[in-house]
>>> print(open('start-v1.txt').read())   # compact mmCIF, C-alpha atoms and all ligand atoms
# COMPACT_ATOMS: atom_id res chain seq x y z
CA MET Z 24 -7.46 -6.95 6.06
CA SER Z 25 -6.09 -5.04 3.10
CA VAL Z 26 -3.12 -5.95 0.98
CA LEU Z 27 -0.14 -3.65 1.37
CA LEU Z 28 2.42 -5.35 -0.85
CA ASP Z 29 1.37 -7.60 -3.70
CA VAL Z 30 4.25 -9.33 -5.44
CA LYS Z 31 3.32 -11.25 -8.58
CA ASN Z 32 5.37 -13.68 -10.66
CA LEU Z 33 8.66 -12.14 -9.59
CA THR Z 34 11.56 -13.65 -11.51
CA THR Z 35 15.20 -12.72 -10.92
CA GLN Z 36 18.19 -14.28 -12.61
CA PHE Z 37 21.95 -13.92 -12.56
CA ASN Z 38 23.68 -14.24 -15.87
CA THR Z 39 26.99 -15.79 -14.90
CA GLU Z 40 29.78 -17.33 -16.96
CA ALA Z 41 28.75 -20.74 -15.71
CA GLY Z 42 25.16 -20.24 -16.85
CA ILE Z 43 21.91 -18.62 -15.78
CA VAL Z 44 21.23 -18.76 -12.05
CA LYS Z 45 17.47 -18.87 -11.59
CA ALA Z 46 17.47 -17.39 -8.10
CA VAL Z 47 13.82 -16.33 -7.93
CA ASN Z 48 11.33 -18.10 -10.14
CA ASP Z 49 7.82 -16.81 -10.64
CA VAL Z 50 7.41 -15.96 -6.97
CA SER Z 51 4.18 -14.40 -5.72
CA PHE Z 52 3.42 -13.32 -2.19
CA GLN Z 53 1.31 -10.84 -0.36
CA LEU Z 54 1.78 -8.82 2.78
CA ASN Z 55 -1.25 -7.32 4.45
CA GLU Z 56 -1.48 -4.15 6.53
CA GLN Z 57 0.00 -4.71 9.99
CA GLU Z 58 0.80 -8.30 9.20
CA ILE Z 59 3.92 -10.32 9.99
CA ILE Z 60 4.92 -12.95 7.45
CA GLY Z 61 7.79 -15.41 7.52
CA LEU Z 62 9.77 -16.38 4.43
CA VAL Z 63 11.47 -19.66 5.21
CA GLY Z 64 13.88 -21.95 3.39
CA GLU Z 65 17.40 -23.33 3.43
CA SER Z 66 20.45 -21.37 2.41
CA GLY Z 67 20.63 -20.38 -1.24
CA CYS Z 68 16.93 -20.81 -2.02
CA GLY Z 69 16.37 -17.18 -3.07
CA LYS Z 70 15.02 -15.56 0.08
CA SER Z 71 17.36 -12.57 0.08
CA VAL Z 72 17.30 -12.12 -3.70
CA SER Z 73 13.50 -12.02 -3.65
CA GLN Z 74 13.46 -9.28 -1.01
CA LEU Z 75 16.29 -7.34 -2.64
CA SER Z 76 14.27 -7.49 -5.85
CA VAL Z 77 11.31 -5.86 -4.09
CA MET Z 78 13.67 -3.03 -3.12
CA GLN Z 79 15.28 -3.05 -6.60
CA LEU Z 80 18.67 -3.62 -5.05
CA ILE Z 81 19.76 -6.22 -7.60
CA SER Z 82 22.89 -5.31 -9.48
CA ALA Z 83 24.59 -6.85 -12.52
CA PRO Z 84 24.89 -9.67 -13.41
CA GLY Z 85 21.49 -9.93 -11.74
CA LYS Z 86 18.31 -8.87 -13.47
CA ILE Z 87 14.62 -8.87 -12.63
CA THR Z 88 13.21 -10.44 -15.77
CA ASN Z 89 9.52 -10.58 -14.94
CA GLY Z 90 6.86 -9.73 -12.40
CA GLU Z 91 5.15 -6.97 -10.51
CA VAL Z 92 5.78 -5.40 -7.13
CA ASN Z 93 2.55 -3.60 -6.35
CA PHE Z 94 2.71 -1.14 -3.50
CA GLU Z 95 0.40 1.79 -2.77
CA GLY Z 96 -1.24 1.62 -6.16
CA ARG Z 97 1.97 1.48 -8.18
CA ASN Z 98 4.09 -1.27 -9.66
CA LEU Z 99 7.55 -0.46 -8.31
CA LEU Z 100 9.17 -2.34 -11.19
CA ASP Z 101 7.96 0.44 -13.49
CA TYR Z 102 10.62 2.65 -11.90
CA GLU Z 103 14.33 2.53 -12.56
CA SER Z 104 16.35 1.29 -9.62
CA ASN Z 105 18.10 4.65 -9.21
CA SER Z 106 15.00 6.79 -9.82
CA ASP Z 107 13.85 9.39 -7.29
CA GLU Z 108 10.73 7.30 -6.71
CA MET Z 109 12.71 4.20 -5.73
CA ARG Z 110 15.07 6.20 -3.55
CA ALA Z 111 12.09 7.60 -1.67
CA ILE Z 112 10.61 4.12 -1.28
CA ARG Z 113 13.85 2.55 -0.04
CA GLY Z 114 14.35 3.46 3.56
CA GLY Z 115 11.37 5.80 3.49
CA LYS Z 116 8.43 3.48 2.80
CA ILE Z 117 10.09 0.08 2.79
CA ALA Z 118 13.08 -0.52 5.03
CA MET Z 119 15.33 -3.54 5.07
CA ILE Z 120 17.53 -4.83 7.85
CA PHE Z 121 20.33 -6.85 6.35
CA GLN Z 122 21.80 -10.18 7.25
CA GLU Z 123 25.09 -8.76 8.52
CA PRO Z 124 24.79 -5.39 10.23
CA MET Z 125 28.52 -4.75 10.08
CA THR Z 126 28.29 -4.55 6.30
CA SER Z 127 25.18 -2.40 6.17
CA LEU Z 128 26.15 0.07 8.87
CA ASN Z 129 28.85 2.44 7.71
CA PRO Z 130 31.88 1.76 9.95
CA THR Z 131 33.29 5.26 9.44
CA LEU Z 132 30.20 7.17 10.59
CA THR Z 133 28.79 7.49 14.10
CA ILE Z 134 25.47 5.84 14.83
CA GLY Z 135 24.01 9.30 15.40
CA ARG Z 136 25.10 10.50 11.99
CA GLN Z 137 23.64 7.44 10.28
CA LEU Z 138 20.32 7.93 12.03
CA THR Z 139 20.08 11.69 11.52
CA GLU Z 140 21.11 11.35 7.87
CA MET Z 141 17.99 9.24 7.22
CA LEU Z 142 15.75 11.68 9.07
CA GLU Z 143 17.15 14.73 7.32
CA LEU Z 144 17.01 13.08 3.91
CA HIS Z 145 13.60 11.40 4.03
CA LEU Z 146 11.68 13.55 6.50
CA ASN Z 147 13.38 16.92 5.90
CA MET Z 148 14.11 17.30 9.59
CA THR Z 149 16.48 19.96 10.88
CA LYS Z 150 19.74 18.78 12.46
CA GLU Z 151 18.47 19.48 15.98
CA ALA Z 152 15.10 17.79 15.48
CA ALA Z 153 16.80 14.79 13.86
CA ARG Z 154 19.19 14.41 16.78
CA GLU Z 155 16.37 14.55 19.26
CA ARG Z 156 14.41 11.94 17.30
CA ALA Z 157 17.52 9.75 17.02
CA VAL Z 158 17.85 9.70 20.82
CA GLU Z 159 14.20 8.78 21.15
CA LEU Z 160 14.56 5.96 18.61
CA LEU Z 161 17.63 4.51 20.35
CA LYS Z 162 15.71 4.58 23.64
CA GLN Z 163 12.78 2.80 22.01
CA VAL Z 164 15.00 -0.04 20.85
CA GLY Z 165 16.42 -0.43 24.34
CA ILE Z 166 19.84 1.18 24.07
CA SER Z 167 20.74 2.65 27.41
CA GLY Z 168 22.54 5.97 27.67
CA ALA Z 169 21.14 6.75 24.22
CA GLU Z 170 22.28 10.36 24.21
CA SER Z 171 25.95 9.58 24.70
CA ARG Z 172 25.86 6.54 22.43
CA LEU Z 173 24.94 8.67 19.43
CA ASP Z 174 28.60 9.59 19.06
CA ASP Z 175 29.77 5.97 19.08
CA TYR Z 176 30.75 4.03 15.97
CA PRO Z 177 29.24 0.67 14.96
CA HIS Z 178 32.28 -1.26 16.27
CA ASN Z 179 31.58 0.11 19.76
CA PHE Z 180 28.38 -1.95 19.90
CA SER Z 181 27.93 -5.68 20.45
CA GLY Z 182 26.29 -7.76 17.71
CA GLY Z 183 22.90 -7.67 19.38
CA MET Z 184 23.13 -3.93 20.04
CA ARG Z 185 24.10 -3.31 16.40
CA GLN Z 186 20.95 -5.12 15.37
CA ARG Z 187 18.98 -2.84 17.67
CA VAL Z 188 20.58 0.16 16.00
CA MET Z 189 19.63 -1.32 12.62
CA ILE Z 190 16.04 -1.66 13.80
CA ALA Z 191 16.08 1.99 14.93
CA ILE Z 192 17.44 3.12 11.55
CA GLY Z 193 14.98 0.89 9.73
CA LEU Z 194 12.02 2.36 11.54
CA SER Z 195 13.31 5.94 11.70
CA CYS Z 196 11.23 7.19 8.78
CA ASN Z 197 7.99 5.42 9.73
CA PRO Z 198 8.12 2.88 6.90
CA ARG Z 199 5.04 0.86 5.99
CA ILE Z 200 7.13 -2.28 5.65
CA LEU Z 201 10.17 -3.59 7.48
CA ILE Z 202 12.02 -6.50 5.88
CA ALA Z 203 14.30 -8.28 8.34
CA ASP Z 204 16.67 -10.58 6.50
CA GLU Z 205 17.91 -13.26 8.88
CA PRO Z 206 18.89 -10.66 11.42
CA THR Z 207 19.73 -13.12 14.08
CA THR Z 208 21.77 -16.08 12.84
CA ALA Z 209 25.13 -15.06 14.31
CA LEU Z 210 23.58 -14.35 17.70
CA ASP Z 211 22.74 -16.57 20.64
CA VAL Z 212 19.16 -17.75 21.01
CA THR Z 213 18.27 -15.43 23.87
CA THR Z 214 19.42 -12.36 21.93
CA GLN Z 215 17.61 -13.71 18.86
CA ALA Z 216 14.36 -14.00 20.75
CA GLN Z 217 14.76 -10.52 22.27
CA LEU Z 218 15.34 -8.96 18.85
CA LEU Z 219 12.33 -10.66 17.32
CA GLU Z 220 10.22 -9.58 20.26
CA LEU Z 221 11.50 -6.02 19.84
CA MET Z 222 10.76 -6.01 16.10
CA LYS Z 223 7.28 -7.31 16.72
CA ASP Z 224 6.61 -4.59 19.30
CA MET Z 225 8.14 -1.87 17.15
CA VAL Z 226 6.22 -2.67 13.97
CA SER Z 227 3.04 -2.83 16.01
CA LYS Z 228 3.84 0.58 17.54
CA TYR Z 229 4.48 2.03 14.09
CA ASN Z 230 1.53 0.24 12.43
CA ALA Z 231 3.97 -1.28 9.96
CA SER Z 232 4.13 -4.77 8.47
CA LEU Z 233 7.07 -7.11 8.88
CA VAL Z 234 8.72 -9.72 6.67
CA ILE Z 235 10.93 -12.10 8.66
CA VAL Z 236 13.39 -13.92 6.40
CA THR Z 237 14.90 -16.99 8.02
CA HIS Z 238 15.99 -20.58 7.46
CA ASN Z 239 14.42 -21.62 10.74
CA LEU Z 240 10.70 -22.36 10.90
CA GLY Z 241 10.93 -22.34 14.67
CA VAL Z 242 11.95 -18.68 14.62
CA VAL Z 243 8.82 -17.51 12.84
CA ALA Z 244 6.38 -19.81 14.64
CA ARG Z 245 5.74 -17.34 17.46
CA TYR Z 246 5.68 -14.19 15.41
CA ALA Z 247 4.39 -14.71 11.89
CA HIS Z 248 0.70 -14.66 11.00
CA ARG Z 249 1.42 -16.42 7.74
CA ILE Z 250 4.37 -18.35 6.34
CA TYR Z 251 5.80 -18.78 2.85
CA ILE Z 252 8.09 -21.77 2.33
CA MET Z 253 10.70 -21.30 -0.38
CA TYR Z 254 12.77 -23.95 -2.12
CA ALA Z 255 15.18 -23.54 -5.05
CA GLY Z 256 13.77 -20.19 -6.11
CA ASN Z 257 10.09 -21.15 -5.76
CA ILE Z 258 7.39 -20.75 -3.15
CA VAL Z 259 6.36 -24.35 -2.53
CA GLU Z 260 3.79 -23.84 0.24
CA SER Z 261 2.10 -20.99 2.04
CA GLY Z 262 -0.54 -20.64 4.70
CA THR Z 263 -1.36 -19.33 8.13
CA THR Z 264 1.19 -20.29 10.75
CA GLU Z 265 -1.37 -22.61 12.40
CA GLU Z 266 -2.04 -24.39 9.11
CA ILE Z 267 1.64 -24.79 8.26
CA PHE Z 268 2.41 -26.29 11.66
CA ALA Z 269 -0.74 -28.37 12.12
CA ASN Z 270 -1.27 -29.50 8.56
CA PRO Z 271 1.95 -29.26 6.51
CA GLN Z 272 1.46 -30.61 2.99
CA HIS Z 273 4.67 -30.21 1.04
CA PRO Z 274 7.32 -32.83 1.83
CA TYR Z 275 9.87 -30.01 2.10
CA THR Z 276 7.81 -28.23 4.75
CA LYS Z 277 7.40 -31.52 6.62
CA GLY Z 278 11.17 -31.93 6.45
CA LEU Z 279 11.79 -28.44 7.82
CA LEU Z 280 9.39 -29.11 10.67
CA LYS Z 281 11.23 -32.31 11.60
CA CYS Z 282 14.47 -30.45 12.10
CA ILE Z 283 13.31 -27.82 14.58
CA PRO Z 284 12.94 -28.29 18.28
CA ARG Z 285 9.35 -27.80 19.46
CA LEU Z 286 8.45 -26.62 22.93
CA ASP Z 287 4.96 -28.06 22.74
CA GLU Z 288 6.05 -31.65 22.18
CA GLU Z 289 7.36 -34.45 24.28
CA LYS Z 290 11.05 -34.33 25.07
CA GLY Z 291 13.33 -36.76 23.34
CA ARG Z 292 11.81 -36.42 19.89
CA LYS Z 293 14.60 -36.89 17.39
CA LEU Z 294 15.49 -33.92 15.18
CA VAL Z 295 15.89 -35.22 11.67
CA PRO Z 296 17.71 -33.11 9.10
CA ILE Z 297 16.54 -33.30 5.49
CA GLU Z 298 18.96 -35.49 3.61
CA GLY Z 299 20.95 -34.02 0.74
CA LEU Z 300 21.41 -30.41 -0.27
CA PRO Z 301 19.38 -27.88 -2.22
CA PRO Z 302 20.25 -27.94 -5.92
CA ASN Z 303 22.59 -25.60 -7.66
CA LEU Z 304 20.34 -23.03 -9.31
CA ILE Z 305 22.41 -22.90 -12.49
CA ASN Z 306 20.84 -24.52 -15.54
CA MET Z 307 18.01 -26.06 -13.53
CA LYS Z 308 16.01 -28.96 -14.90
CA SER Z 309 12.32 -28.38 -15.37
CA SER Z 310 11.29 -31.28 -13.10
CA CYS Z 311 10.50 -30.72 -9.41
CA ALA Z 312 13.63 -29.31 -7.76
CA PHE Z 313 12.92 -31.12 -4.49
CA ALA Z 314 12.29 -34.54 -6.06
CA PRO Z 315 15.85 -35.89 -5.56
CA ARG Z 316 15.53 -35.36 -1.78
CA CYS Z 317 11.86 -36.14 -1.43
CA SER Z 318 10.66 -39.09 0.64
CA GLU Z 319 7.22 -39.01 -0.99
CA ARG Z 320 8.48 -38.78 -4.56
CA LEU Z 321 6.37 -40.19 -7.38
CA GLU Z 322 7.67 -41.30 -10.74
CA ARG Z 323 6.30 -38.20 -12.44
CA CYS Z 324 8.11 -35.84 -10.02
CA LEU Z 325 11.40 -36.69 -11.72
CA THR Z 326 10.13 -35.92 -15.19
CA GLU Z 327 7.36 -33.33 -14.86
CA ALA Z 328 7.54 -29.80 -13.52
CA ALA Z 329 6.09 -29.34 -10.04
CA PRO Z 330 2.46 -28.21 -10.29
CA PRO Z 331 1.53 -24.59 -9.61
CA LEU Z 332 0.34 -23.72 -6.11
CA ARG Z 333 -3.01 -25.36 -5.43
CA ASP Z 334 -5.60 -23.88 -3.07
CA ILE Z 335 -6.45 -26.47 -0.44
CA GLY Z 336 -8.69 -24.21 1.65
CA ASN Z 337 -8.17 -22.14 4.80
CA GLY Z 338 -5.82 -19.84 2.90
CA HIS Z 339 -3.41 -22.75 2.45
CA TYR Z 340 -1.57 -23.34 -0.85
CA VAL Z 341 0.76 -26.15 -1.89
CA GLY Z 342 2.84 -26.78 -4.99
CA CYS Z 343 3.00 -30.57 -4.99
CA PHE Z 344 1.06 -33.32 -6.77
CA GLU Z 345 -2.08 -34.56 -5.05
CA LYS Z 346 -1.39 -38.02 -3.64
N1 LIG I 1 25.53 -11.75 -7.31
C1 LIG I 1 25.19 -13.00 -7.58
N2 LIG I 1 25.69 -13.65 -8.65
C2 LIG I 1 25.35 -14.93 -8.92
N3 LIG I 1 24.50 -15.65 -8.19
C3 LIG I 1 23.96 -15.08 -7.11
C4 LIG I 1 24.26 -13.72 -6.74
N4 LIG I 1 23.58 -13.41 -5.62
C5 LIG I 1 22.87 -14.52 -5.31
N5 LIG I 1 23.09 -15.50 -6.19
C6 LIG I 1 22.50 -16.86 -6.18
O1 LIG I 1 21.11 -16.74 -6.03
C7 LIG I 1 20.62 -17.83 -5.26
C8 LIG I 1 19.74 -17.32 -4.16
O2 LIG I 1 20.54 -16.61 -3.22
P1 LIG I 1 19.95 -15.91 -1.93
O3 LIG I 1 21.03 -15.04 -1.39
O4 LIG I 1 18.66 -15.27 -2.24
O5 LIG I 1 19.71 -17.13 -0.96
P2 LIG I 1 19.10 -17.12 0.52
O6 LIG I 1 17.87 -17.95 0.48
O7 LIG I 1 18.97 -15.73 0.99
O8 LIG I 1 20.22 -17.90 1.33
P3 LIG I 1 20.81 -17.63 2.81
O9 LIG I 1 19.85 -18.31 3.76
O10 LIG I 1 22.14 -18.30 2.80
O11 LIG I 1 20.89 -16.16 3.02
C9 LIG I 1 21.84 -18.61 -4.78
O12 LIG I 1 21.98 -19.74 -5.59
C10 LIG I 1 22.98 -17.66 -4.99
O13 LIG I 1 24.16 -18.35 -5.27
MG MG I 2 19.91 -14.62 2.45
>>> encode(input="start-v1.txt", output="structure tokens")
Amino acid sequence: MSVLLDVKNLTTQFNTEAGIVKAVNDVSFQLNEQEIIGLVGESGCGKSVSQLSVMQLISAPGKITNGEVNFEGRNLLDYESNSDEMRAIRGGKIAMIFQEPMTSLNPTLTIGRQLTEMLELHLNMTKEAARERAVELLKQVGISGAESRLDDYPHNFSGGMRQRVMIAIGLSCNPRILIADEPTTALDVTTQAQLLELMKDMVSKYNASLVIVTHNLGVVARYAHRIYIMYAGNIVESGTTEEIFANPQHPYTKGLLKCIPRLDEEKGRKLVPIEGLPPNLINMKSSCAFAPRCSERLERCLTEAAPPLRDIGNGHYVGCFEK
């Protein structure tokens, strides 16, 4: 299995009037060829900012202050955000499907135009060829009457259908990587499952890799090969999906597991939310960010920084003191 994307020590901060928001703190993760990974954590823990940093879509007052984003033999952070190289990467080699499709699809352009624009720009297709390919893509993502729907606007589609259009646009230029940022939260569970299934099939068809960004561990359980758990700007645990579910080590991961329904367990198990809220990421203390909510907290957790990720075997890493 070879590494496709190798992110090292990525650090992204927002310099606000209230102080420095440490949104992404020394985050490292890898994505292999044809692999699906899940990036999981509660709201505000830095999931989106980390992925936007990979794409260099961070704007002021945000700044990537450290790290490497290694992709196809280059560190993407060596390029300016608006450089030709980054423009070619974005959409062409690495595509991102955003949290809210209504804000990332242009409401004033037809779906067909938005699809053909990508194909003409990145793949130098003629208008006719692009239109033909656009129809094919819409068919592949399960939009019926694809030909006539090309002339519809985003608001003519339901939420689930808009997500399908986003998947078609995302995959239109045969990217190596698709990043799907919580594509499903506003949708019902059946639609959610269908979209994840579709993304899985599509990336497999295109030999691409997929990053699923979500706050729900249950969502990634069926699809991800490996999982990264993120809390307060840090990766706190990572491992294969089997390891994370069978042998969770970090108290935060254990907490996340307790609040998802499991199909493979006896009915009637209580779902227990993690008490408290994630910390404000402004002017963070250097002690473990999860300590105030942690049921396994030691004295030192409140005074010392959390330890770096420790290799516990089987490709499993955890950033918590050995107990
Ligand atoms: N433009 C900005 N200015 C200041 N702070 C920001 C900005 N964008 C993000 N942040 C902060 O960065 C942190 C991480 O945000 P991020 O959007 O990555 O969270 P997330 O894990 O994607 O959450 P969600 O699950 O709600 O999407 C948050 O504390 C957020 O308030
Ligand atoms: Mg987000």
>>> closest_atom_pairs(input="start-v1.txt", of="chain Z", to="ligand LIG 1 (chain I)", cutoff="10 Å", atoms="all atoms listed in the file", output="Markdown table")
| residue | atom | partner | partner_atom | distance |
| --- | --- | --- | --- | --- |
| Z:Thr35 | CA | I:LIG1 | O1 | 8.7 |
| Z:Gln36 | CA | I:LIG1 | O1 | 7.6 |
| Z:Phe37 | CA | I:LIG1 | C2 | 5.1 |
| Z:Asn38 | CA | I:LIG1 | C2 | 7.2 |
| Z:Thr39 | CA | I:LIG1 | C2 | 6.3 |
| Z:Glu40 | CA | I:LIG1 | C2 | 9.5 |
| Z:Ala41 | CA | I:LIG1 | C2 | 9.6 |
| Z:Gly42 | CA | I:LIG1 | C2 | 9.5 |
| Z:Ile43 | CA | I:LIG1 | C2 | 8.5 |
| Z:Val44 | CA | I:LIG1 | N3 | 5.9 |
| Z:Lys45 | CA | I:LIG1 | O1 | 7.0 |
| Z:Ala46 | CA | I:LIG1 | O1 | 4.2 |
| Z:Val47 | CA | I:LIG1 | C8 | 7.1 |
| Z:Leu62 | CA | I:LIG1 | O6 | 9.1 |
| Z:Val63 | CA | I:LIG1 | O6 | 8.1 |
| Z:Gly64 | CA | I:LIG1 | O6 | 6.4 |
| Z:Glu65 | CA | I:LIG1 | O9 | 5.6 |
| Z:Ser66 | CA | I:LIG1 | O9 | 3.4 |
| Z:Gly67 | CA | I:LIG1 | O5 | 3.4 |
| Z:Cys68 | CA | I:LIG1 | O6 | 3.9 |
| Z:Gly69 | CA | I:LIG1 | O4 | 3.1 |
| Z:Lys70 | CA | I:LIG1 | O6 | 3.7 |
| Z:Ser71 | CA | I:LIG1 | O7 | 3.7 |
| Z:Val72 | CA | I:LIG1 | O4 | 3.7 |
| Z:Ser73 | CA | I:LIG1 | O4 | 6.3 |
| Z:Gln74 | CA | I:LIG1 | O4 | 8.0 |
| Z:Leu75 | CA | I:LIG1 | O4 | 8.3 |
| Z:Ser76 | CA | I:LIG1 | O4 | 9.6 |
| Z:Ile81 | CA | I:LIG1 | N1 | 8.0 |
| Z:Ser82 | CA | I:LIG1 | N1 | 7.3 |
| Z:Ala83 | CA | I:LIG1 | N1 | 7.2 |
| Z:Pro84 | CA | I:LIG1 | N2 | 6.3 |
| Z:Gly85 | CA | I:LIG1 | N1 | 6.3 |
| Z:Lys86 | CA | I:LIG1 | N1 | 9.9 |
| Z:Phe121 | CA | I:LIG1 | O11 | 9.9 |
| Z:Gln122 | CA | I:LIG1 | O11 | 7.4 |
| Z:Asp204 | CA | I:LIG1 | O11 | 7.8 |
| Z:Glu205 | CA | I:LIG1 | O11 | 7.2 |
| Z:Thr208 | CA | I:LIG1 | O9 | 9.5 |
| Z:Val236 | CA | I:LIG1 | O7 | 8.0 |
| Z:Thr237 | CA | I:LIG1 | O9 | 6.7 |
| Z:His238 | CA | I:LIG1 | O9 | 5.8 |
| Z:Asn239 | CA | I:LIG1 | O9 | 9.4 |
| Z:Met253 | CA | I:LIG1 | O6 | 8.0 |
| Z:Tyr254 | CA | I:LIG1 | O6 | 8.3 |
| Z:Ala255 | CA | I:LIG1 | C8 | 7.8 |
| Z:Gly256 | CA | I:LIG1 | C8 | 6.9 |
| Z:Pro301 | CA | I:LIG1 | O12 | 9.2 |
| Z:Pro302 | CA | I:LIG1 | O12 | 8.4 |
| Z:Asn303 | CA | I:LIG1 | O12 | 6.2 |
| Z:Leu304 | CA | I:LIG1 | O12 | 5.2 |
| Z:Ile305 | CA | I:LIG1 | O12 | 7.6 |
>>> write_last_selection(input="start-v1.txt", atoms="C-alpha atoms", output="mmCIF file, in the coordinates of the input")
data_model
loop_
_atom_site.group_PDB
_atom_site.id
_atom_site.type_symbol
_atom_site.label_atom_id
_atom_site.label_comp_id
_atom_site.auth_asym_id
_atom_site.auth_seq_id
_atom_site.Cartn_x
_atom_site.Cartn_y
_atom_site.Cartn_z
ATOM 1 C CA THR Z 35 15.200 -12.720 -10.920
ATOM 2 C CA GLN Z 36 18.190 -14.280 -12.610
ATOM 3 C CA PHE Z 37 21.950 -13.920 -12.560
ATOM 4 C CA ASN Z 38 23.680 -14.240 -15.870
ATOM 5 C CA THR Z 39 26.990 -15.790 -14.900
ATOM 6 C CA GLU Z 40 29.780 -17.330 -16.960
ATOM 7 C CA ALA Z 41 28.750 -20.740 -15.710
ATOM 8 C CA GLY Z 42 25.160 -20.240 -16.850
ATOM 9 C CA ILE Z 43 21.910 -18.620 -15.780
ATOM 10 C CA VAL Z 44 21.230 -18.760 -12.050
ATOM 11 C CA LYS Z 45 17.470 -18.870 -11.590
ATOM 12 C CA ALA Z 46 17.470 -17.390 -8.100
ATOM 13 C CA VAL Z 47 13.820 -16.330 -7.930
ATOM 14 C CA LEU Z 62 9.770 -16.380 4.430
ATOM 15 C CA VAL Z 63 11.470 -19.660 5.210
ATOM 16 C CA GLY Z 64 13.880 -21.950 3.390
ATOM 17 C CA GLU Z 65 17.400 -23.330 3.430
ATOM 18 C CA SER Z 66 20.450 -21.370 2.410
ATOM 19 C CA GLY Z 67 20.630 -20.380 -1.240
ATOM 20 C CA CYS Z 68 16.930 -20.810 -2.020
ATOM 21 C CA GLY Z 69 16.370 -17.180 -3.070
ATOM 22 C CA LYS Z 70 15.020 -15.560 0.080
ATOM 23 C CA SER Z 71 17.360 -12.570 0.080
ATOM 24 C CA VAL Z 72 17.300 -12.120 -3.700
ATOM 25 C CA SER Z 73 13.500 -12.020 -3.650
ATOM 26 C CA GLN Z 74 13.460 -9.280 -1.010
ATOM 27 C CA LEU Z 75 16.290 -7.340 -2.640
ATOM 28 C CA SER Z 76 14.270 -7.490 -5.850
ATOM 29 C CA ILE Z 81 19.760 -6.220 -7.600
ATOM 30 C CA SER Z 82 22.890 -5.310 -9.480
ATOM 31 C CA ALA Z 83 24.590 -6.850 -12.520
ATOM 32 C CA PRO Z 84 24.890 -9.670 -13.410
ATOM 33 C CA GLY Z 85 21.490 -9.930 -11.740
ATOM 34 C CA LYS Z 86 18.310 -8.870 -13.470
ATOM 35 C CA PHE Z 121 20.330 -6.850 6.350
ATOM 36 C CA GLN Z 122 21.800 -10.180 7.250
ATOM 37 C CA ASP Z 204 16.670 -10.580 6.500
ATOM 38 C CA GLU Z 205 17.910 -13.260 8.880
ATOM 39 C CA THR Z 208 21.770 -16.080 12.840
ATOM 40 C CA VAL Z 236 13.390 -13.920 6.400
ATOM 41 C CA THR Z 237 14.900 -16.990 8.020
ATOM 42 C CA HIS Z 238 15.990 -20.580 7.460
ATOM 43 C CA ASN Z 239 14.420 -21.620 10.740
ATOM 44 C CA MET Z 253 10.700 -21.300 -0.380
ATOM 45 C CA TYR Z 254 12.770 -23.950 -2.120
ATOM 46 C CA ALA Z 255 15.180 -23.540 -5.050
ATOM 47 C CA GLY Z 256 13.770 -20.190 -6.110
ATOM 48 C CA PRO Z 301 19.380 -27.880 -2.220
ATOM 49 C CA PRO Z 302 20.250 -27.940 -5.920
ATOM 50 C CA ASN Z 303 22.590 -25.600 -7.660
ATOM 51 C CA LEU Z 304 20.340 -23.030 -9.310
ATOM 52 C CA ILE Z 305 22.410 -22.900 -12.490
#
>>> axis_aligned_box(input="start-v1.txt", around="range 162-170 of chain Z", padding_each_side="4 Å", output="lines of an AutoDock Vina configuration file")
center_x = 17.7
center_y = 5.0
center_z = 24.3
size_x = 17.8
size_y = 18.8
size_z = 14.8
>>> residues_around(input="start-v1.txt", residues="Val259 in chain Z", least_positions_apart="5", cutoff="10 Å", atoms="only C-alpha atoms", output="ChimeraX atom specification")
/Z:50,64,251-254,272-276,313,329-333,340-343
>>> closest_residue(input="start-v1.txt", among="Z:Ile87, Z:Ile297, Z:Leu210, Z:Val234", to="His248 in chain Z", atoms="only C-alpha atoms")
Z:Val234
>>> residues_near_point(input="start-v1.txt", point="(18.6, 17.6, 12.4)", cutoff="12 Å", atoms="all atoms listed in the file", output="list in words")
Gly135, Arg136, Gln137, Leu138, Thr139, Glu140, Met141, Leu142, Glu143, Leu144, His145, Leu146, Asn147, Met148, Thr149, Lys150, Glu151, Ala152, Ala153, Arg154, Glu155, Arg156, Ala157 and Val158 of chain Z
>>> closest_residue(input="start-v1.txt", among="Z:Glu159, Z:Thr131, Z:Glu170, Z:Ala203", to="ligand MG 2 (chain I)", atoms="all atoms listed in the file")
Z:Ala203
>>> closest_residue(input="start-v1.txt", among="Z:Ala328, Z:Leu233, Z:Ala216, Z:Cys311", to="Leu194 in chain Z", atoms="all atoms listed in the file")
Z:Leu233
>>> atom_distance(input="start-v1.txt", atom1="CA of Phe52 in chain Z", atom2="CA of Thr263 in chain Z")
12.9 Å
>>> closest_residue(input="start-v1.txt", among="Z:Arg320, Z:Ser25, Z:Asp334, Z:Ile200", to="Lys346 in chain Z", atoms="all atoms listed in the file")
Z:Arg320
>>> closest_residue(input="start-v1.txt", among="Z:Leu173, Z:Val188, Z:Leu325, Z:Ile120", to="ligand MG 2 (chain I)", atoms="only C-alpha atoms and all ligand atoms")
Z:Ile120
>>> closest_residue(input="start-v1.txt", among="Z:Ile235, Z:Met24, Z:Ala118, Z:Leu100", to="ligand MG 2 (chain I)", atoms="all atoms listed in the file")
Z:Ile235
